[in-house]
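target-v2.txt (compact mmCIF, C-alpha atoms and all ligand atoms)
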```txt
# COMPACT_ATOMS: atom_id res chain seq x y z
CA MET A 1 36.00 101.27 213.89
CA SER A 2 37.49 103.38 211.10
CA ALA A 3 39.41 106.56 211.85
CA GLY A 4 37.89 109.14 209.58
CA VAL A 5 37.77 107.31 206.28
CA ARG A 6 35.65 109.31 203.87
CA ILE A 7 33.36 107.08 201.85
CA ILE A 8 32.39 108.80 198.60
CA VAL A 9 29.81 107.20 196.34
CA ILE A 10 29.81 108.47 192.77
CA LEU A 11 26.54 107.98 190.92
CA PRO A 12 26.87 108.63 187.21
CA PHE A 13 23.85 109.97 185.40
CA ALA A 14 21.58 107.26 183.88
CA PRO A 15 22.47 104.09 185.81
CA GLU A 16 23.39 101.00 183.78
CA GLU A 17 21.37 98.90 186.23
CA ARG A 18 18.97 100.69 188.55
CA GLN A 19 18.91 97.77 190.98
CA ALA A 20 22.70 97.76 191.25
CA HIS A 21 22.72 101.54 191.71
CA ASP A 22 20.30 101.28 194.65
CA GLY A 23 22.15 98.25 196.04
CA LEU A 24 25.35 100.30 196.15
CA ILE A 25 23.68 103.18 198.03
CA ALA A 26 22.12 100.80 200.56
CA ALA A 27 25.44 98.97 201.08
CA ALA A 28 27.40 102.23 201.45
CA CYS A 29 24.86 103.44 204.05
CA ALA A 30 25.27 100.13 205.92
CA LEU A 31 29.09 100.41 205.81
CA HIS A 32 28.80 103.94 207.18
CA LYS A 33 26.52 102.77 209.96
CA GLU A 34 29.03 100.07 210.95
CA ASN A 35 31.79 102.71 211.03
CA PRO A 36 30.42 105.80 212.76
CA SER A 37 33.72 107.67 212.57
CA ALA A 38 33.68 107.44 208.79
CA GLU A 39 31.89 110.04 206.71
CA LEU A 40 29.60 109.32 203.79
CA ASP A 41 29.14 111.59 200.77
CA ILE A 42 26.99 110.65 197.81
CA VAL A 43 27.76 112.59 194.65
CA GLN A 44 25.22 112.33 191.84
CA LEU A 45 26.02 113.60 188.37
CA VAL A 46 23.03 115.06 186.53
CA PRO A 47 22.65 117.10 183.35
CA MET A 48 20.61 119.84 185.05
CA SER A 49 19.83 121.04 188.57
CA GLY A 50 16.87 119.38 190.22
CA ALA A 51 17.14 116.19 188.12
CA MET A 52 18.37 114.15 191.03
CA GLU A 53 16.44 111.63 193.06
CA ALA A 54 18.14 111.29 196.46
CA ARG A 55 17.49 108.08 198.36
CA ALA A 56 19.25 106.88 201.49
CA VAL A 57 18.97 104.77 204.60
CA GLY A 58 18.84 107.11 207.60
CA ASP A 59 19.92 110.70 207.25
CA THR A 60 23.63 110.61 207.95
CA ALA A 61 24.85 110.81 204.37
CA ARG A 62 25.58 114.11 202.65
CA TRP A 63 24.04 114.24 199.18
CA TRP A 64 25.64 116.35 196.49
CA GLU A 65 24.09 117.22 193.17
CA CYS A 66 26.66 117.90 190.52
CA ALA A 67 24.90 119.40 187.49
CA SER A 68 26.67 119.70 184.17
CA PRO A 69 24.81 120.32 180.89
CA SER A 70 27.61 118.39 179.09
CA LEU A 71 26.06 115.20 180.49
CA ALA A 72 23.01 115.75 178.32
CA ASP A 73 25.19 115.18 175.23
CA THR A 74 27.59 112.50 176.31
CA ALA A 75 28.48 110.41 179.34
CA GLU A 76 31.89 109.17 178.21
CA PRO A 77 34.12 107.94 181.08
CA PRO A 78 36.95 110.49 180.49
CA MET A 79 34.41 113.32 180.68
CA ILE A 80 32.80 111.87 183.80
CA THR A 81 36.27 111.42 185.36
CA ALA A 82 36.99 115.10 184.74
CA LEU A 83 33.62 116.07 186.27
CA VAL A 84 34.19 113.90 189.33
CA ARG A 85 37.71 115.31 189.78
CA GLN A 86 36.22 118.79 189.63
CA ALA A 87 33.42 117.97 192.09
CA LEU A 88 35.87 116.42 194.56
CA SER A 89 38.12 119.48 194.54
CA LEU A 90 35.30 122.05 194.67
CA GLN A 91 33.71 120.72 197.81
CA GLY A 92 36.77 119.77 199.80
CA LEU A 93 35.91 116.12 199.33
CA SER A 94 39.62 115.56 198.81
CA GLU A 95 40.54 116.88 202.24
CA ALA A 96 40.18 113.60 204.12
CA LYS A 97 43.39 111.71 204.73
CA GLN A 98 41.84 108.60 203.35
CA ARG A 99 39.09 108.18 200.82
CA LEU A 100 37.19 105.16 199.61
CA ILE A 101 35.55 106.08 196.31
CA LEU A 102 32.80 103.74 195.18
CA MET A 103 31.11 103.35 191.82
CA PRO A 104 28.14 101.22 190.75
CA PRO A 105 29.07 97.88 189.15
CA GLY A 106 29.09 97.49 185.38
CA PRO A 107 31.48 98.41 182.57
CA GLN A 108 31.00 102.17 183.00
CA GLY A 109 31.67 102.05 186.76
CA GLU A 110 34.70 99.82 186.29
CA GLU A 111 36.24 102.10 183.70
CA LEU A 112 35.54 105.12 185.89
CA ALA A 113 37.04 103.46 189.00
CA ALA A 114 40.23 102.59 187.13
CA LEU A 115 40.52 106.06 185.54
CA LEU A 116 39.95 107.80 188.88
CA ALA A 117 42.44 105.58 190.70
CA ALA A 118 45.07 106.40 188.07
CA ASP A 119 44.14 110.07 188.10
CA LEU A 120 44.23 110.43 191.90
CA ASP A 121 47.32 108.27 192.34
CA GLY A 122 45.31 105.72 194.30
CA CYS A 123 44.60 102.03 193.97
CA SER A 124 41.70 100.24 192.34
CA LEU A 125 40.25 97.16 194.03
CA GLY A 126 38.16 96.26 190.98
CA ARG A 127 34.75 94.53 191.16
CA CYS A 128 34.11 94.00 194.88
CA THR A 129 31.23 92.01 196.30
CA ALA A 130 32.00 92.95 199.92
CA LEU A 131 33.78 95.86 201.55
CA ALA A 132 34.72 96.59 205.13
CA LEU A 133 36.81 99.10 207.06
CA THR A 134 39.19 98.21 209.88
CA GLY A 135 40.93 101.26 211.20
CA THR A 136 42.41 102.87 208.13
CA THR A 137 42.46 99.63 206.15
CA VAL A 138 39.97 99.05 203.38
CA ILE A 139 39.19 95.36 202.95
CA GLY A 140 37.59 94.27 199.71
CA ARG A 141 36.46 90.82 198.66
CA ARG A 142 36.07 89.90 195.04
CA PRO A 143 35.71 86.79 192.87
CA VAL A 144 38.59 85.70 190.65
CA PHE A 145 39.17 82.94 188.06
CA GLY A 146 35.59 83.12 186.85
CA GLY A 147 34.12 82.92 190.32
CA ARG A 148 36.05 79.81 191.35
CA LEU A 149 37.91 81.65 194.13
CA MET A 150 37.29 84.65 196.33
CA ILE A 151 40.23 86.85 197.28
CA GLU A 152 40.57 89.43 199.99
CA LEU A 153 42.39 92.66 199.20
CA ARG A 154 43.64 95.05 201.87
CA SER A 155 44.57 98.61 201.06
CA HIS A 156 46.06 101.45 203.10
CA ALA A 157 46.22 103.76 200.07
CA ALA A 158 45.03 107.32 200.60
CA VAL A 159 42.62 106.89 197.69
CA CYS A 160 41.03 103.55 197.10
CA CYS A 161 38.52 103.10 194.25
CA ALA A 162 36.20 100.15 193.65
CA THR A 163 32.93 99.12 192.12
CA TRP A 164 30.65 97.38 194.54
CA ARG A 165 27.97 94.82 193.79
CA PRO A 166 26.98 93.72 197.31
CA ALA A 167 26.07 90.04 197.58
CA SER A 168 23.00 91.02 199.55
CA ALA A 169 21.76 94.58 199.47
CA HIS A 170 18.59 95.80 201.04
CA ALA A 171 17.79 98.43 198.45
CA SER A 172 14.13 98.23 199.48
CA ALA A 173 15.10 99.99 202.73
CA LEU A 174 15.99 103.15 200.79
CA GLN A 175 13.80 106.16 201.40
CA ALA A 176 13.49 109.37 199.44
CA ILE A 177 15.12 112.30 201.18
CA PRO A 178 13.86 115.88 200.73
CA ASP A 179 15.28 118.18 198.05
CA SER A 180 16.35 120.57 200.80
CA ALA A 181 18.84 117.96 202.05
CA VAL A 182 20.64 117.95 198.72
CA ARG A 183 23.63 120.25 198.36
CA GLN A 184 24.57 121.67 194.99
CA ILE A 185 28.06 121.48 193.62
CA PRO A 186 28.52 124.46 191.30
CA MET A 187 30.21 123.25 188.15
CA THR A 188 31.71 126.42 186.81
CA ALA A 189 34.76 125.31 184.91
CA PRO A 190 34.49 123.67 181.49
CA ALA A 191 33.65 120.02 181.97
CA ALA A 192 36.58 118.28 180.38
CA GLU A 193 38.98 118.09 177.55
CA SER A 194 36.68 117.45 174.62
CA HIS A 195 36.48 114.11 172.89
CA GLU A 196 34.80 113.67 169.59
CA VAL A 197 32.22 110.92 169.87
CA GLU A 198 30.33 109.47 166.97
CA LEU A 199 27.09 107.79 167.94
CA VAL A 200 26.39 104.81 165.74
CA GLN A 201 22.92 103.31 165.88
CA SER A 202 23.14 99.62 166.64
CA ALA A 203 21.35 97.28 164.26
CA ASP A 204 20.41 95.21 167.31
CA ALA A 205 16.80 96.11 168.14
CA GLN A 206 16.40 93.57 170.97
CA PRO A 207 15.88 94.69 174.59
CA ARG A 208 19.13 95.51 176.38
CA LEU A 209 20.74 92.93 178.65
CA GLU A 210 21.62 95.61 181.18
CA GLY A 211 18.86 95.81 183.75
CA ALA A 212 16.72 93.09 182.06
CA SER A 213 14.54 91.21 184.52
CA PHE A 214 14.25 88.17 182.24
CA VAL A 215 17.08 86.82 180.08
CA VAL A 216 16.86 83.97 177.56
CA SER A 217 20.31 82.67 176.73
CA GLY A 218 21.77 80.06 174.39
CA GLY A 219 25.06 78.21 174.23
CA ARG A 220 27.10 75.98 171.98
CA GLY A 221 24.39 73.33 172.23
CA MET A 222 22.10 75.52 170.07
CA ASP A 223 24.19 74.32 167.16
CA GLY A 224 23.41 77.19 164.79
CA LEU A 225 21.26 80.17 163.94
CA GLU A 226 18.06 78.14 163.73
CA GLY A 227 18.12 77.54 167.48
CA PHE A 228 18.80 81.21 168.20
CA GLU A 229 15.85 82.23 166.02
CA LEU A 230 13.64 80.14 168.30
CA LEU A 231 15.22 81.68 171.38
CA ALA A 232 14.63 85.16 169.91
CA ARG A 233 10.94 84.32 169.36
CA ILE A 234 10.61 83.12 172.95
CA ALA A 235 12.42 86.20 174.24
CA ALA A 236 10.18 88.51 172.18
CA SER A 237 6.99 86.84 173.37
CA VAL A 238 7.82 87.45 177.05
CA GLY A 239 9.74 90.72 176.70
CA ALA A 240 13.06 89.12 177.64
CA ALA A 241 16.55 90.10 176.56
CA LEU A 242 18.56 87.60 174.51
CA GLY A 243 22.07 86.54 175.52
CA GLY A 244 24.58 83.83 174.80
CA SER A 245 27.70 82.05 175.95
CA LEU A 246 31.16 82.72 174.57
CA PRO A 247 31.09 79.81 172.06
CA ALA A 248 27.73 81.06 170.72
CA VAL A 249 29.27 84.50 170.22
CA ASP A 250 32.41 83.04 168.63
CA ALA A 251 30.22 81.11 166.21
CA GLY A 252 28.45 84.34 165.21
CA TRP A 253 24.99 83.24 166.41
CA VAL A 254 24.66 86.12 168.83
CA PRO A 255 26.36 89.56 168.82
CA VAL A 256 29.39 90.04 171.06
CA ALA A 257 27.51 92.75 173.00
CA ARG A 258 25.22 89.96 174.20
CA GLN A 259 27.90 87.66 175.59
CA ILE A 260 27.28 86.76 179.22
CA GLY A 261 30.07 85.76 181.57
CA GLN A 262 33.47 86.55 182.92
CA SER A 263 34.67 88.26 179.76
CA GLY A 264 31.23 89.48 178.69
CA LYS A 265 28.29 91.14 180.39
CA PHE A 266 27.15 90.64 183.95
CA VAL A 267 23.39 90.21 184.21
CA ALA A 268 21.14 90.26 187.25
CA PRO A 269 17.72 89.17 185.99
CA ARG A 270 15.04 87.67 188.16
CA LEU A 271 14.88 84.73 185.76
CA TYR A 272 17.68 83.34 183.59
CA PHE A 273 16.65 80.71 181.03
CA ALA A 274 19.79 78.85 179.88
CA VAL A 275 19.47 76.57 176.86
CA GLY A 276 22.31 74.39 175.55
CA ILE A 277 24.67 75.95 178.08
CA SER A 278 26.78 73.60 180.21
CA GLY A 279 27.25 76.04 183.09
CA THR A 280 30.99 76.65 183.33
CA PRO A 281 32.27 78.99 186.08
CA GLN A 282 33.29 81.50 183.39
CA HIS A 283 29.70 81.68 182.14
CA LEU A 284 28.06 81.66 185.55
CA ALA A 285 30.37 84.45 186.72
CA GLY A 286 28.16 86.71 184.60
CA VAL A 287 24.87 85.63 186.16
CA SER A 288 24.03 87.26 189.46
CA GLY A 289 23.74 84.95 192.46
CA SER A 290 20.22 86.20 193.10
CA ALA A 291 18.90 85.16 189.66
CA ARG A 292 16.63 82.14 189.40
CA ILE A 293 18.11 79.85 186.76
CA VAL A 294 15.95 77.56 184.65
CA ALA A 295 18.00 75.24 182.41
CA LEU A 296 17.28 73.13 179.36
CA ASN A 297 20.04 70.70 178.48
CA ARG A 298 20.09 67.20 177.02
CA ASP A 299 22.86 66.09 179.41
CA PRO A 300 21.47 65.29 182.88
CA GLU A 301 25.01 65.64 184.28
CA ALA A 302 25.47 69.19 182.93
CA PRO A 303 26.82 71.43 185.75
CA ILE A 304 24.15 74.03 185.05
CA PHE A 305 21.63 71.77 186.80
CA ALA A 306 23.61 72.12 190.04
CA VAL A 307 22.80 75.83 190.15
CA ALA A 308 19.40 75.77 188.42
CA GLU A 309 16.23 76.12 190.41
CA ALA A 310 14.34 74.14 187.76
CA GLY A 311 15.66 72.10 184.89
CA VAL A 312 14.46 70.16 181.87
CA VAL A 313 16.59 67.32 180.51
CA GLY A 314 15.88 67.17 176.82
CA ASP A 315 16.67 68.31 173.32
CA TRP A 316 15.84 71.93 172.55
CA ARG A 317 14.82 70.86 169.02
CA VAL A 318 11.83 69.10 170.59
CA ILE A 319 11.01 71.50 173.41
CA LEU A 320 11.66 75.02 172.12
CA PRO A 321 9.31 74.93 169.09
CA LEU A 322 6.45 73.84 171.39
CA LEU A 323 7.34 76.48 173.97
CA ALA A 324 7.55 79.22 171.32
CA GLN A 325 4.15 78.22 169.92
CA ARG A 326 2.52 78.16 173.35
CA LEU A 327 3.93 81.54 174.33
CA GLU A 328 3.02 83.17 171.03
CA ALA A 329 -0.51 81.82 171.17
CA ARG A 330 -1.31 83.39 174.53
CA GLN A 331 -2.53 86.97 174.99
CA PRO A 332 0.39 89.34 175.42
CA ALA A 333 0.81 89.85 179.12
CA PRO A 334 3.72 90.98 181.25
CA LEU A 335 5.63 88.16 182.84
CA ILE A 336 5.05 88.40 186.57
CA LEU A 337 7.60 86.61 188.66
CA PRO A 338 7.46 86.06 192.39
CA ALA A 339 10.21 87.81 194.34
CA SER A 340 13.31 85.67 194.64
CA GLY A 341 13.39 83.96 197.99
CA ARG A 342 16.72 82.34 197.51
CA GLU A 343 20.32 83.36 197.48
CA ARG A 344 23.27 81.45 196.24
CA ASP A 345 26.91 82.15 197.00
C1 LIG B 1 39.52 83.51 180.44
C2 LIG B 1 38.23 82.91 179.96
C3 LIG B 1 37.11 83.72 179.88
C4 LIG B 1 35.89 83.16 179.48
N1 LIG B 1 34.79 83.97 179.43
C5 LIG B 1 33.60 83.42 179.12
C6 LIG B 1 32.41 84.21 179.14
O1 LIG B 1 32.43 85.42 179.38
N2 LIG B 1 31.23 83.59 178.84
C7 LIG B 1 31.15 82.26 178.54
O2 LIG B 1 30.04 81.78 178.29
N3 LIG B 1 32.27 81.52 178.48
C8 LIG B 1 33.47 82.06 178.76
N4 LIG B 1 34.59 81.28 178.68
C9 LIG B 1 34.49 79.94 178.07
C10 LIG B 1 34.06 78.87 179.06
O3 LIG B 1 35.19 78.29 179.66
C11 LIG B 1 33.27 77.75 178.32
O4 LIG B 1 34.03 77.28 177.25
C12 LIG B 1 31.93 78.21 177.83
O5 LIG B 1 31.22 78.88 178.85
C13 LIG B 1 31.10 77.01 177.36
O6 LIG B 1 29.96 77.49 176.71
P1 LIG B 1 28.69 76.59 176.48
O7 LIG B 1 28.10 76.23 177.79
O8 LIG B 1 27.83 77.32 175.51
O9 LIG B 1 29.29 75.33 175.70
P2 LIG B 1 29.54 73.84 176.20
O10 LIG B 1 30.30 73.82 177.46
O11 LIG B 1 30.11 73.12 175.04
O12 LIG B 1 28.07 73.29 176.52
C14 LIG B 1 27.12 73.05 175.56
C15 LIG B 1 25.96 72.37 176.26
O13 LIG B 1 24.90 72.19 175.34
C16 LIG B 1 24.26 70.96 175.63
N5 LIG B 1 23.55 70.53 174.40
C17 LIG B 1 24.11 70.13 173.24
N6 LIG B 1 23.14 69.87 172.35
C18 LIG B 1 21.96 70.10 172.96
C19 LIG B 1 20.61 69.99 172.55
N7 LIG B 1 20.28 69.62 171.30
N8 LIG B 1 19.62 70.32 173.43
C20 LIG B 1 19.93 70.69 174.70
N9 LIG B 1 21.22 70.81 175.14
C21 LIG B 1 22.21 70.52 174.28
C22 LIG B 1 25.39 70.03 176.03
O14 LIG B 1 24.90 68.96 176.82
C23 LIG B 1 26.28 70.98 176.82
O15 LIG B 1 25.99 70.93 178.20
C24 LIG B 1 35.82 81.81 179.08
C25 LIG B 1 36.97 81.03 179.16
C26 LIG B 1 38.15 81.56 179.59
C27 LIG B 1 39.37 80.69 179.67
```
Can you dump the structure from the file as C-alpha cells?
Ligand SMILES: Cc1cc2nc3c(=O)[nH]c(=O)nc-3n(C[C@H](O)[C@H](O)[C@H](O)COP(=O)(O)OP(=O)(O)OC[C@H]3O[C@@H](n4cnc5c(N)ncnc54)[C@H](O)[C@@H]3O)c2cc1C
Amino acid sequence: MSAGVRIIVILPFAPEERQAHDGLIAAACALHKENPSAELDIVQLVPMSGAMEARAVGDTARWWECASPSLADTAEPPMITALVRQALSLQGLSEAKQRLILMPPGPQGEELAALLAADLDGCSLGRCTALALTGTTVIGRRPVFGGRLMIELRSHAAVCCATWRPASAHASALQAIPDSAVRQIPMTAPAAESHEVELVQSADAQPRLEGASFVVSGGRGMDGLEGFELLARIAASVGAALGGSLPAVDAGWVPVARQIGQSGKFVAPRLYFAVGISGTPQHLAGVSGSARIVALNRDPEAPIFAVAEAGVVGDWRVILPLLAQRLEARQPAPLILPASGRERD
C-alpha cells in the first residue's frame, strides 16, 4: 500500500489519441483503487470553462478544469508546462510529499513529461507500459531496444513524471461524471512566457496516423514510389492512414512524419496492413500490441508473419493492383472491423 503518494493525471487539451487518453484515465483509476492511501487528481486543460468532459471509474478522483484562453491559439509544450506548473501551485497539488505525474502517451505527452520533470526537479520514467506503487516507491516498466527487452525502473523521487500507455486498459469502464463534480482552477496569471509560433500548412492531405483505426504501411520491399501510389489508393478507398518503415522514409517514398516505429510514430490502429515490411523489432515497437496485423510479403520466413493475424505470401506487384481495383469498384462504405479479441505482449 502506498503512503500518501499523490497521483496527478494531466490531460492536455485535444488528445493526440483519444483511446490512449481514456486508457490512461482508466489505468490511473485502477492504480488508485489498488492503493487506497494514494490520492488521485485529474487535471484537464481546456481553452474555456465548461469545455471539459470528465470521465472516471468510480468517484474517488478529484477532477480539475484548468481553463486558459491561450490554449485556443496554441498548445505548445512550453506553454502547457507553464500552465500545468501554475495549476499545480494554485490548488496545493504540490503539497504532497511525493507526486506521480502522468501524461498520455505520444510525442506531446513525452515532451511535457520531460519538461515538467526538469522544471520540478524530479525524474522522468519515460514511456511506461505498467506502473505500480509500493510504499513510497514508484515502479515503472517500459520497453527498451525497440521492444526487445522490458526494464523495471524504481524511483523514490519526490516528483516522478511518466507517460503511460497501459498494456491493457479498460477504457470502456469509464463513466461520465456530473459537471458539479468538476472543480475549477482559476487561471489568473498570464499563461506563459510567449513563444512565437508560425503555423505552416502541411502539403500532406492524407488522414493523420495519430488515432487512425486503420493503417496501410509499406516498407523497403515496395521498391519505389509506384508501390506507394498503390498503397495510397488502397488507403484512400478504405479511409486508412498511410505509413511506412524507416527505409521507405529514407528513400523518400513516404514523408518522415509518417514513419512508424521506435524512432518514428507509435500507432494503435485496429488493423495494420504491412506490405513489403520484414517486421523488425524497431518497426514493430511502433505498432500497438492490440492491433491486428495483416501482412503481405514475398518471403514466407519474414518475421512479420510471426506477429500477423493473417498473412499473404506473394509479390505486391501482383496482389496490390487487384486489391486496389476491387476496393475502388465497391460502393464507398466505412470499414467495420470486429473488436479485437486478442492481445499480444
Ligand atoms: C536505433 C534504430 C531505430 C530504428 N527505428 C526504426 C523505426 O522507427 N521504424 C522502422 O521501420 N525501422 C527502424 N529502424 C530500422 C530497422 O532496424 C529496420 O532496418 C527496418 O525496420 C527495416 O524496414 P523494412 O521492413 O521496410 O525493410 P527490410 O527489413 O529490408 O524488409 C523488406 C521486406 O520486403 C519484402 N519484399 C521485398 N520485395 C517484395 C515484394 N515485391 N513483395 C512483397 N514483399 C517484398 C522482403 O521479403 C522483406 O521482408 C531502426 C533501427 C535502429 C538501429
Could you give me, as JSON lines, a per-residue list for chain A showing, wherever an atom lies at most 7 Å from an atom of ligand LIG 1 (chain B), the closest pair of atoms and their distance in Å to one decimal, using only C-alpha atoms and all ligand atoms and sorting by chain then residue number from low to high?
```
{"residue": "A:Gly218", "atom": "CA", "partner": "B:LIG1", "partner_atom": "O8", "distance": 6.7}
{"residue": "A:Gly219", "atom": "CA", "partner": "B:LIG1", "partner_atom": "O8", "distance": 3.2}
{"residue": "A:Arg220", "atom": "CA", "partner": "B:LIG1", "partner_atom": "O8", "distance": 3.8}
{"residue": "A:Gly221", "atom": "CA", "partner": "B:LIG1", "partner_atom": "O13", "distance": 3.4}
{"residue": "A:Met222", "atom": "CA", "partner": "B:LIG1", "partner_atom": "C18", "distance": 6.1}
{"residue": "A:Asp223", "atom": "CA", "partner": "B:LIG1", "partner_atom": "N6", "distance": 6.9}
{"residue": "A:Gly244", "atom": "CA", "partner": "B:LIG1", "partner_atom": "O2", "distance": 6.8}
{"residue": "A:Ser245", "atom": "CA", "partner": "B:LIG1", "partner_atom": "O2", "distance": 3.3}
{"residue": "A:Leu246", "atom": "CA", "partner": "B:LIG1", "partner_atom": "C7", "distance": 4.0}
{"residue": "A:Pro247", "atom": "CA", "partner": "B:LIG1", "partner_atom": "O6", "distance": 5.3}
{"residue": "A:Ala248", "atom": "CA", "partner": "B:LIG1", "partner_atom": "O8", "distance": 6.1}
{"residue": "A:Gln259", "atom": "CA", "partner": "B:LIG1", "partner_atom": "N2", "distance": 6.2}
{"residue": "A:Ile260", "atom": "CA", "partner": "B:LIG1", "partner_atom": "N2", "distance": 5.1}
{"residue": "A:Gly261", "atom": "CA", "partner": "B:LIG1", "partner_atom": "O1", "distance": 3.2}
{"residue": "A:Gln262", "atom": "CA", "partner": "B:LIG1", "partner_atom": "O1", "distance": 3.9}
{"residue": "A:Ser263", "atom": "CA", "partner": "B:LIG1", "partner_atom": "O1", "distance": 3.6}
{"residue": "A:Gly264", "atom": "CA", "partner": "B:LIG1", "partner_atom": "O1", "distance": 4.3}
{"residue": "A:Val275", "atom": "CA", "partner": "B:LIG1", "partner_atom": "N9", "distance": 6.3}
{"residue": "A:Gly276", "atom": "CA", "partner": "B:LIG1", "partner_atom": "O13", "distance": 3.4}
{"residue": "A:Ile277", "atom": "CA", "partner": "B:LIG1", "partner_atom": "O7", "distance": 3.5}
{"residue": "A:Ser278", "atom": "CA", "partner": "B:LIG1", "partner_atom": "O15", "distance": 3.4}
{"residue": "A:Gly279", "atom": "CA", "partner": "B:LIG1", "partner_atom": "O7", "distance": 5.4}
{"residue": "A:Thr280", "atom": "CA", "partner": "B:LIG1", "partner_atom": "O5", "distance": 5.0}
{"residue": "A:Gln282", "atom": "CA", "partner": "B:LIG1", "partner_atom": "C8", "distance": 4.7}
{"residue": "A:His283", "atom": "CA", "partner": "B:LIG1", "partner_atom": "O2", "distance": 3.9}
{"residue": "A:Gly286", "atom": "CA", "partner": "B:LIG1", "partner_atom": "O1", "distance": 6.9}
{"residue": "A:Leu296", "atom": "CA", "partner": "B:LIG1", "partner_atom": "C20", "distance": 5.9}
{"residue": "A:Asn297", "atom": "CA", "partner": "B:LIG1", "partner_atom": "N9", "distance": 3.5}
{"residue": "A:Arg298", "atom": "CA", "partner": "B:LIG1", "partner_atom": "C20", "distance": 4.2}
{"residue": "A:Asp299", "atom": "CA", "partner": "B:LIG1", "partner_atom": "O14", "distance": 4.4}
{"residue": "A:Ala302", "atom": "CA", "partner": "B:LIG1", "partner_atom": "O15", "distance": 5.1}
{"residue": "A:Gly314", "atom": "CA", "partner": "B:LIG1", "partner_atom": "C20", "distance": 5.8}
{"residue": "A:Asp315", "atom": "CA", "partner": "B:LIG1", "partner_atom": "N8", "distance": 3.6}
{"residue": "A:Trp316", "atom": "CA", "partner": "B:LIG1", "partner_atom": "N8", "distance": 4.2}
{"residue": "A:Arg317", "atom": "CA", "partner": "B:LIG1", "partner_atom": "N7", "distance": 6.0}
```
Preceding selection exported with C-alpha atoms as an mmCIF file, in the frame of the given file:
```cif
data_model
loop_
_atom_site.group_PDB
_atom_site.id
_atom_site.type_symbol
_atom_site.label_atom_id
_atom_site.label_comp_id
_atom_site.auth_asym_id
_atom_site.auth_seq_id
_atom_site.Cartn_x
_atom_site.Cartn_y
_atom_site.Cartn_z
ATOM 1 C CA GLY A 218 21.770 80.060 174.390
ATOM 2 C CA GLY A 219 25.060 78.210 174.230
ATOM 3 C CA ARG A 220 27.100 75.980 171.980
ATOM 4 C CA GLY A 221 24.390 73.330 172.230
ATOM 5 C CA MET A 222 22.100 75.520 170.070
ATOM 6 C CA ASP A 223 24.190 74.320 167.160
ATOM 7 C CA GLY A 244 24.580 83.830 174.800
ATOM 8 C CA SER A 245 27.700 82.050 175.950
ATOM 9 C CA LEU A 246 31.160 82.720 174.570
ATOM 10 C CA PRO A 247 31.090 79.810 172.060
ATOM 11 C CA ALA A 248 27.730 81.060 170.720
ATOM 12 C CA GLN A 259 27.900 87.660 175.590
ATOM 13 C CA ILE A 260 27.280 86.760 179.220
ATOM 14 C CA GLY A 261 30.070 85.760 181.570
ATOM 15 C CA GLN A 262 33.470 86.550 182.920
ATOM 16 C CA SER A 263 34.670 88.260 179.760
ATOM 17 C CA GLY A 264 31.230 89.480 178.690
ATOM 18 C CA VAL A 275 19.470 76.570 176.860
ATOM 19 C CA GLY A 276 22.310 74.390 175.550
ATOM 20 C CA ILE A 277 24.670 75.950 178.080
ATOM 21 C CA SER A 278 26.780 73.600 180.210
ATOM 22 C CA GLY A 279 27.250 76.040 183.090
ATOM 23 C CA THR A 280 30.990 76.650 183.330
ATOM 24 C CA GLN A 282 33.290 81.500 183.390
ATOM 25 C CA HIS A 283 29.700 81.680 182.140
ATOM 26 C CA GLY A 286 28.160 86.710 184.600
ATOM 27 C CA LEU A 296 17.280 73.130 179.360
ATOM 28 C CA ASN A 297 20.040 70.700 178.480
ATOM 29 C CA ARG A 298 20.090 67.200 177.020
ATOM 30 C CA ASP A 299 22.860 66.090 179.410
ATOM 31 C CA ALA A 302 25.470 69.190 182.930
ATOM 32 C CA GLY A 314 15.880 67.170 176.820
ATOM 33 C CA ASP A 315 16.670 68.310 173.320
ATOM 34 C CA TRP A 316 15.840 71.930 172.550
ATOM 35 C CA ARG A 317 14.820 70.860 169.020
#
```
Measure the distance from CA of Phe214 (chain A) to CA of Ala28 (chain A) in Å and round it to one decimal.
27.2 Å
State, in Å with one decimal place, the distance from CA of Arg183 (chain A) to CA of Met52 (chain A).
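Going from CA of Arg183 (chain A) over to CA of Met52 (chain A), I get 10.9 Å.
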Gly4 (chain A) environment, 8 Å, all atoms listed in the file, sequence neighbours closer than 5 positions dropped, as number ranges by chain
A: 37-39, 96-98, 136
List the neighbours of Trp164 (chain A) out to 6 Å using only C-alpha atoms; skip same-chain residues closer than 6 positions along the sequence, and give me the result as number ranges by chain.
A: 104-105, 128-129
Which is closer to Pro166 (chain A) than all the others in A:Ser288, A:Ser49, A:Gln325, A:Gln86, using all atoms listed in the file?
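Smallest distance to Pro166 (chain A) is found for A:Ser288.
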Straight-line distance linking CA of Leu120 (chain A) with CA of Ser68 (chain A), stated in Å to one decimal
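Atom-to-atom, CA of Leu120 (chain A) to CA of Ser68 (chain A), that is 21.3 Å.
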Complete the atom set of region 114-118 of chain A to N, CA, C and O atoms and return it as a CSV table (one decimal), in the coordinates of the input.
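After the write, out24.csv holds the following:
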```
chain,number,residue,atom,x,y,z
A,114,ALA,N,38.8,102.7,187.5
A,114,ALA,CA,40.2,102.6,187.1
A,114,ALA,C,40.8,103.9,186.7
A,114,ALA,O,41.9,104.3,187.1
A,115,LEU,N,40.0,104.7,186.0
A,115,LEU,CA,40.5,106.1,185.5
A,115,LEU,C,40.8,107.0,186.7
A,115,LEU,O,41.8,107.7,186.8
A,116,LEU,N,39.8,106.9,187.7
A,116,LEU,CA,40.0,107.8,188.9
A,116,LEU,C,41.1,107.4,189.7
A,116,LEU,O,41.9,108.2,190.2
A,117,ALA,N,41.3,106.1,189.9
A,117,ALA,CA,42.4,105.6,190.7
A,117,ALA,C,43.7,106.0,190.1
A,117,ALA,O,44.7,106.5,190.8
A,118,ALA,N,43.8,106.0,188.7
A,118,ALA,CA,45.1,106.4,188.1
A,118,ALA,C,45.2,107.9,188.2
A,118,ALA,O,46.3,108.4,188.5
```
